[in-house]
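protein.txt, holding compact mmCIF, C-alpha atoms:
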# COMPACT_ATOMS: atom_id res chain seq x y z
CA MET A 1 70.01 116.48 68.66
CA THR A 2 73.73 116.19 68.00
CA ARG A 3 75.25 112.85 68.86
CA MET A 4 78.54 112.75 70.72
CA ASN A 5 80.83 109.80 70.24
CA THR A 6 82.66 109.48 73.54
CA GLN A 7 83.88 105.96 72.74
CA ASP A 8 86.40 107.19 70.16
CA ALA A 9 87.35 110.37 72.02
CA SER A 10 91.01 111.13 72.43
CA VAL A 11 92.08 112.71 75.70
CA ARG A 12 95.23 114.51 76.82
CA ALA A 13 96.33 115.30 80.35
CA LEU A 14 98.02 118.70 80.76
CA TYR A 15 99.88 119.65 83.95
CA PHE A 16 100.54 123.18 85.21
CA GLU A 17 102.70 124.32 88.12
CA ASP A 18 101.74 126.84 90.78
CA ASP A 19 103.46 130.11 89.81
CA GLY A 20 102.84 131.95 93.07
CA ALA A 21 99.90 133.93 91.67
CA THR A 22 97.89 131.30 89.77
CA PRO A 23 97.57 128.18 91.94
CA ASN A 24 96.74 125.65 89.23
CA SER A 25 96.37 122.09 90.57
CA ARG A 26 98.16 118.84 91.25
CA PHE A 27 95.43 117.31 89.07
CA PRO A 28 95.80 117.59 85.28
CA VAL A 29 93.57 119.52 82.92
CA LEU A 30 91.83 116.97 80.71
CA LEU A 31 91.36 117.87 77.04
CA TYR A 32 88.87 115.63 75.27
CA ARG A 33 88.56 115.69 71.48
CA LEU A 34 85.08 114.33 70.71
CA LYS A 35 83.61 113.27 67.40
CA LEU A 36 80.37 115.18 66.71
CA ASP A 37 77.96 114.63 63.88
CA LEU A 38 77.62 117.76 61.75
CA SER A 39 73.92 118.42 62.36
CA GLY A 40 72.08 119.42 65.48
CA ASP A 41 72.41 121.63 68.50
CA ASN A 42 75.86 121.05 69.98
CA ALA A 43 75.23 123.29 73.01
CA SER A 44 72.15 121.28 74.02
CA ALA A 45 74.07 118.04 73.47
CA PHE A 46 76.86 119.21 75.79
CA GLU A 47 74.31 120.30 78.39
CA ALA A 48 72.62 116.88 78.27
CA MET A 49 75.95 115.00 78.47
CA PHE A 50 77.20 117.08 81.41
CA ALA A 51 73.89 116.76 83.28
CA ALA A 52 73.86 112.98 82.74
CA HIS A 53 77.24 112.82 84.52
CA GLN A 54 76.28 114.97 87.52
CA TRP A 55 77.74 118.26 86.24
CA THR A 56 75.35 121.22 86.12
CA PRO A 57 75.46 123.20 82.87
CA LEU A 58 75.13 126.85 83.90
CA TRP A 59 75.93 129.06 80.95
CA ARG A 60 76.51 129.46 77.22
CA SER A 61 78.99 132.16 76.22
CA GLY A 62 82.70 132.65 75.49
CA ILE A 63 85.73 132.55 77.80
CA PHE A 64 87.02 135.71 79.49
CA ASP A 65 90.03 137.33 77.81
CA TYR A 66 91.85 137.81 81.12
CA HIS A 67 93.65 135.26 83.30
CA HIS A 68 91.31 133.87 85.94
CA PHE A 69 90.57 130.71 87.91
CA HIS A 70 87.93 129.28 90.24
CA PRO A 71 89.22 128.45 93.75
CA ASN A 72 85.98 126.81 94.84
CA ALA A 73 84.90 124.74 91.81
CA HIS A 74 86.05 122.47 89.04
CA GLU A 75 84.86 123.49 85.56
CA ALA A 76 83.99 121.71 82.30
CA LEU A 77 84.04 123.76 79.10
CA GLY A 78 82.32 122.20 76.07
CA ILE A 79 83.17 123.91 72.78
CA ALA A 80 79.80 123.92 71.00
CA CYS A 81 80.79 126.05 68.03
CA GLY A 82 83.82 127.76 66.52
CA ARG A 83 87.44 127.66 67.59
CA ALA A 84 89.77 129.51 69.94
CA ARG A 85 93.29 129.75 71.24
CA LEU A 86 93.48 129.72 75.03
CA THR A 87 96.20 130.11 77.61
CA LEU A 88 95.96 127.51 80.36
CA GLY A 89 97.97 127.59 83.57
CA GLY A 90 98.25 131.34 84.08
CA GLU A 91 100.62 133.94 82.70
CA TYR A 92 103.44 131.41 82.25
CA GLY A 93 101.16 128.61 81.08
CA GLN A 94 100.65 126.96 77.71
CA SER A 95 98.70 128.00 74.62
CA VAL A 96 96.13 125.42 73.53
CA SER A 97 93.86 125.46 70.49
CA VAL A 98 90.30 124.19 70.90
CA GLU A 99 87.51 123.71 68.41
CA ARG A 100 83.94 122.46 68.08
CA GLY A 101 83.61 119.12 69.89
CA ASP A 102 86.41 119.65 72.42
CA VAL A 103 85.88 119.56 76.19
CA LEU A 104 88.30 121.01 78.73
CA VAL A 105 87.97 119.78 82.30
CA LEU A 106 89.72 122.24 84.59
CA PRO A 107 90.47 121.34 88.21
CA ALA A 108 89.82 124.10 90.75
CA GLY A 109 92.57 126.73 90.68
CA THR A 110 93.57 126.24 87.04
CA GLY A 111 94.25 129.51 85.25
CA HIS A 112 92.64 130.07 81.87
CA ARG A 113 91.87 132.84 79.40
CA CYS A 114 90.92 133.29 75.76
CA ILE A 115 93.65 134.77 73.55
CA GLU A 116 91.63 134.81 70.33
CA CYS A 117 88.51 133.15 68.96
CA SER A 118 86.31 132.89 65.91
CA ASP A 119 83.20 135.06 65.72
CA ASN A 120 80.97 132.02 66.26
CA PHE A 121 82.84 130.70 69.33
CA LEU A 122 80.35 129.27 71.83
CA VAL A 123 81.11 127.40 75.05
CA VAL A 124 78.91 125.53 77.51
CA GLY A 125 80.20 125.86 81.08
CA ALA A 126 79.33 123.21 83.68
CA TYR A 127 80.26 122.47 87.30
CA PRO A 128 79.98 119.37 89.51
CA HIS A 129 76.83 119.15 91.60
CA GLY A 130 77.31 121.29 94.70
CA GLN A 131 79.89 123.58 93.04
CA GLU A 132 77.52 125.74 90.99
CA ASP A 133 78.30 128.91 92.97
CA TYR A 134 81.76 129.30 91.47
CA ASP A 135 83.98 132.27 92.31
CA ILE A 136 86.10 134.09 89.72
CA GLN A 137 89.57 135.13 90.91
CA ARG A 138 92.42 136.79 89.06
CA PRO A 139 96.03 135.81 89.81
CA ASP A 140 97.14 137.60 92.96
CA ARG A 141 100.24 136.86 95.02
CA ALA A 142 98.74 138.43 98.16
CA ALA A 143 95.57 136.30 97.98
CA HIS A 144 97.49 133.16 96.98
CA PRO A 145 97.64 131.45 100.42
CA ARG A 146 93.89 131.98 100.93
CA ASN A 147 93.13 130.61 97.44
CA LEU A 148 95.28 127.53 98.07
CA ALA A 149 93.30 126.84 101.26
CA ARG A 150 90.01 127.19 99.37
CA ILE A 151 91.15 124.88 96.56
CA ALA A 152 92.16 122.21 99.08
CA GLN A 153 88.54 122.10 100.30
CA VAL A 154 87.01 121.38 96.85
CA PRO A 155 85.88 117.75 96.64
CA CYS A 156 86.58 115.61 93.58
CA PRO A 157 83.58 115.16 91.29
CA GLU A 158 81.53 111.97 91.50
CA GLN A 159 81.90 111.46 87.72
CA ASP A 160 83.91 112.60 84.72
CA PRO A 161 81.73 115.10 82.79
CA VAL A 162 82.37 113.33 79.47
CA CYS A 163 82.58 109.61 80.23
CA GLY A 164 80.94 109.31 83.65
CA ILE A 165 82.38 106.69 85.98
CA ARG A 166 84.58 105.30 83.17
CA GLY A 167 86.25 108.64 82.47
CA MET A 168 89.89 109.53 82.80
CA LEU A 169 89.10 111.98 85.61
CA MET A 170 88.19 109.02 87.81
CA THR A 171 91.79 107.74 87.72
CA GLN A 172 93.77 110.95 87.12
CA TRP A 173 92.13 113.00 89.89
CA ARG A 174 92.26 110.45 92.74

Full structure transcribed into structure tokens:
Amino acid sequence: MTRMNTQDASVRALYFEDDGATPNSRFPVLLYRLKLDLSGDNASAFEAMFAAHQWTPLWRSGIFDYHHFHPNAHEALGIACGRARLTLGGEYGQSVSVERGDVLVLPAGTGHRCIECSDNFLVVGAYPHGQEDYDIQRPDRAAHPRNLARIAQVPCPEQDPVCGIRGMLMTQWR
């Protein structure tokens, strides 16, 4: 199995404002850059790491090519293979490049979409325990107040999906 070095991981906090259609969050998106060994099954390694930190890995696939967010769940995206350019924060957000070994931790309400990706792009999606029944919403000014109310009800995770109780989420999302 692939080994993940979370000790030497770099992490960035990215903030996005509510634009009236995409709620985003007062909490930052966390972008971890992990060191992976070159052999092994990265998707299984991400699934094991997420599960060990109380996040349920639910799928392996790509990222939708349209702006969307989850008003009832936080989301961790582990890049198991390939590379992509994403837009985070909705239509007026920021373009971010991700590649094999990266993990994005998106607080509920954060807009995201895939702009372009390599043919071998593969992501593992995971959600905190109790938030596995995530809803997919597109930006919508009319539904915005309802989505804000739903986001306000989403509890913070018990652990960071990458570093557990020592992770940056534990200080940045409190």

Per residue of segment 82-168 of chain A within 6 Å of segment 17-33 of chain A, which atom pair is closest and at what distance in Å (one decimal), using all atoms listed in the file, listed by chain and increasing number, as a tab-separated table?
residue	atom	partner	partner_atom	distance
A:Gly90	CA	A:Thr22	CA	5.7
A:Asp102	CA	A:Arg33	CA	4.6
A:Val103	CA	A:Tyr32	CA	5.0
A:Leu104	CA	A:Leu31	CA	4.7
A:Val105	CA	A:Leu30	CA	5.0
A:Leu106	CA	A:Val29	CA	5.0
A:Gly109	CA	A:Asn24	CA	4.5
A:Thr110	CA	A:Asn24	CA	3.9
A:Pro139	CA	A:Ala21	CA	4.7
A:Asp140	CA	A:Ala21	CA	4.8
A:Arg141	CA	A:Ala21	CA	4.5
A:His144	CA	A:Ala21	CA	5.9

Go ahead and save the picked residues with C-alpha atoms, as a short mmCIF file (atom, residue, chain, number, x, y, z; two decimals), in the frame of the given file.
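Generated file (again.cif):
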data_model
loop_
_atom_site.label_atom_id
_atom_site.label_comp_id
_atom_site.auth_asym_id
_atom_site.auth_seq_id
_atom_site.Cartn_x
_atom_site.Cartn_y
_atom_site.Cartn_z
CA GLY A 90 98.25 131.34 84.08
CA ASP A 102 86.41 119.65 72.42
CA VAL A 103 85.88 119.56 76.19
CA LEU A 104 88.30 121.01 78.73
CA VAL A 105 87.97 119.78 82.30
CA LEU A 106 89.72 122.24 84.59
CA GLY A 109 92.57 126.73 90.68
CA THR A 110 93.57 126.24 87.04
CA PRO A 139 96.03 135.81 89.81
CA ASP A 140 97.14 137.60 92.96
CA ARG A 141 100.24 136.86 95.02
CA HIS A 144 97.49 133.16 96.98
#

- When you draw a straight line from atom CA of Met49 of chain A to atom CA of Cys163 of chain A, how long is it in Å?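 Atom CA of Cys163 of chain A lies at a distance of 8.7 Å from atom CA of Met49 of chain A.
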
- Task: Have a look at A:Tyr15, A:Phe50, A:Tyr92, A:Tyr66 and name the one nearest to Pro107 of chain A; count all atoms listed in the file.
- Result: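 Residue with the minimum atom-to-atom distance to Pro107 of chain A: A:Tyr15.
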
Nearby residues (only C-alpha atoms) at most 10 Å from Ser118 of chain A, same-chain spacing under 5 positions excluded, as a PDB file with C-alpha atoms, in the frame of the given file:
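What ended up in out.pdb:
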ATOM      1  CA  CYS A  81      80.790 126.050  68.030  1.00  0.00           C
ATOM      2  CA  GLY A  82      83.820 127.760  66.520  1.00  0.00           C
ATOM      3  CA  ARG A  83      87.440 127.660  67.590  1.00  0.00           C
ATOM      4  CA  ALA A  84      89.770 129.510  69.940  1.00  0.00           C
ATOM      5  CA  ARG A  85      93.290 129.750  71.240  1.00  0.00           C
ATOM      6  CA  GLU A  99      87.510 123.710  68.410  1.00  0.00           C
TER       7      GLU A  99
END

- Query: From the set A:Ala76, A:Met170, A:Ala43, A:Ala126, which residue has the shortest atom-to-atom contact distance to Arg100 of chain A, counting all atoms listed in the file?
  - Reply: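 Using all atoms listed in the file, the shortest distance to Arg100 of chain A belongs to A:Ala43.
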
- Task: Could you please give me, as a list in words, the residues of protein, DNA or RNA lying at most 8 Å from (81.8, 130.3, 72.7) in the coordinate frame of the file, considering all atoms listed in the file?
- Result: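 Residues found, by chain and rising number: Arg60, Ser61, Gly62, Ile63, Ile79, Ala80, Cys81, Gly82, Asn120, Phe121, Leu122, Val123 and Val124 of chain A.
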
Taking C-alpha atoms for each residue, export the selection above as a PDB file, in the frame of the given file.
ATOM      1  CA  ARG A  60      76.510 129.460  77.220  1.00  0.00           C
ATOM      2  CA  SER A  61      78.990 132.160  76.220  1.00  0.00           C
ATOM      3  CA  GLY A  62      82.700 132.650  75.490  1.00  0.00           C
ATOM      4  CA  ILE A  63      85.730 132.550  77.800  1.00  0.00           C
ATOM      5  CA  ILE A  79      83.170 123.910  72.780  1.00  0.00           C
ATOM      6  CA  ALA A  80      79.800 123.920  71.000  1.00  0.00           C
ATOM      7  CA  CYS A  81      80.790 126.050  68.030  1.00  0.00           C
ATOM      8  CA  GLY A  82      83.820 127.760  66.520  1.00  0.00           C
ATOM      9  CA  ASN A 120      80.970 132.020  66.260  1.00  0.00           C
ATOM     10  CA  PHE A 121      82.840 130.700  69.330  1.00  0.00           C
ATOM     11  CA  LEU A 122      80.350 129.270  71.830  1.00  0.00           C
ATOM     12  CA  VAL A 123      81.110 127.400  75.050  1.00  0.00           C
ATOM     13  CA  VAL A 124      78.910 125.530  77.510  1.00  0.00           C
TER      14      VAL A 124
END

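Atom to atom, atom CA of Thr56 of chain A and atom CA of Ala9 of chain A stand 21.5 Å apart.
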
- Item | Distance criterion (only C-alpha atoms): nearest to Asn42 of chain A out of A:Gly101, A:Pro71, A:Pro157, A:Pro57 | A:Gly101

- Message: Let me make sure I understand: among A:Met168, A:Cys114, A:Ala108, A:Leu34, which one has the smallest atom-to-atom distance to Gln153 of chain A if we use all atoms listed in the file?
- Response: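 Of the candidates, the smallest distance to Gln153 of chain A is held by A:Ala108.
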
- Could you tell me how far atom CA of His53 of chain A lies from atom CA of Cys117 of chain A, in Å and to one decimal?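 It comes out at 28.0 Å.
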
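Of the listed residues A:Leu36, A:Thr171, A:Val154, A:Val98, the one whose atoms come nearest to Tyr134 of chain A is A:Val154, with distances taken using only C-alpha atoms.
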
- Answer as number ranges by chain, residues within 7 Å of (94.5, 135.0, 74.5) using only C-alpha atoms: A: 65, 85-87, 113-116

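Minimum atom-to-atom distance to Gly164 of chain A, evaluated using only C-alpha atoms, belongs to A:Ala52 out of A:Ala13, A:Arg150, A:Leu58, A:Ala52.
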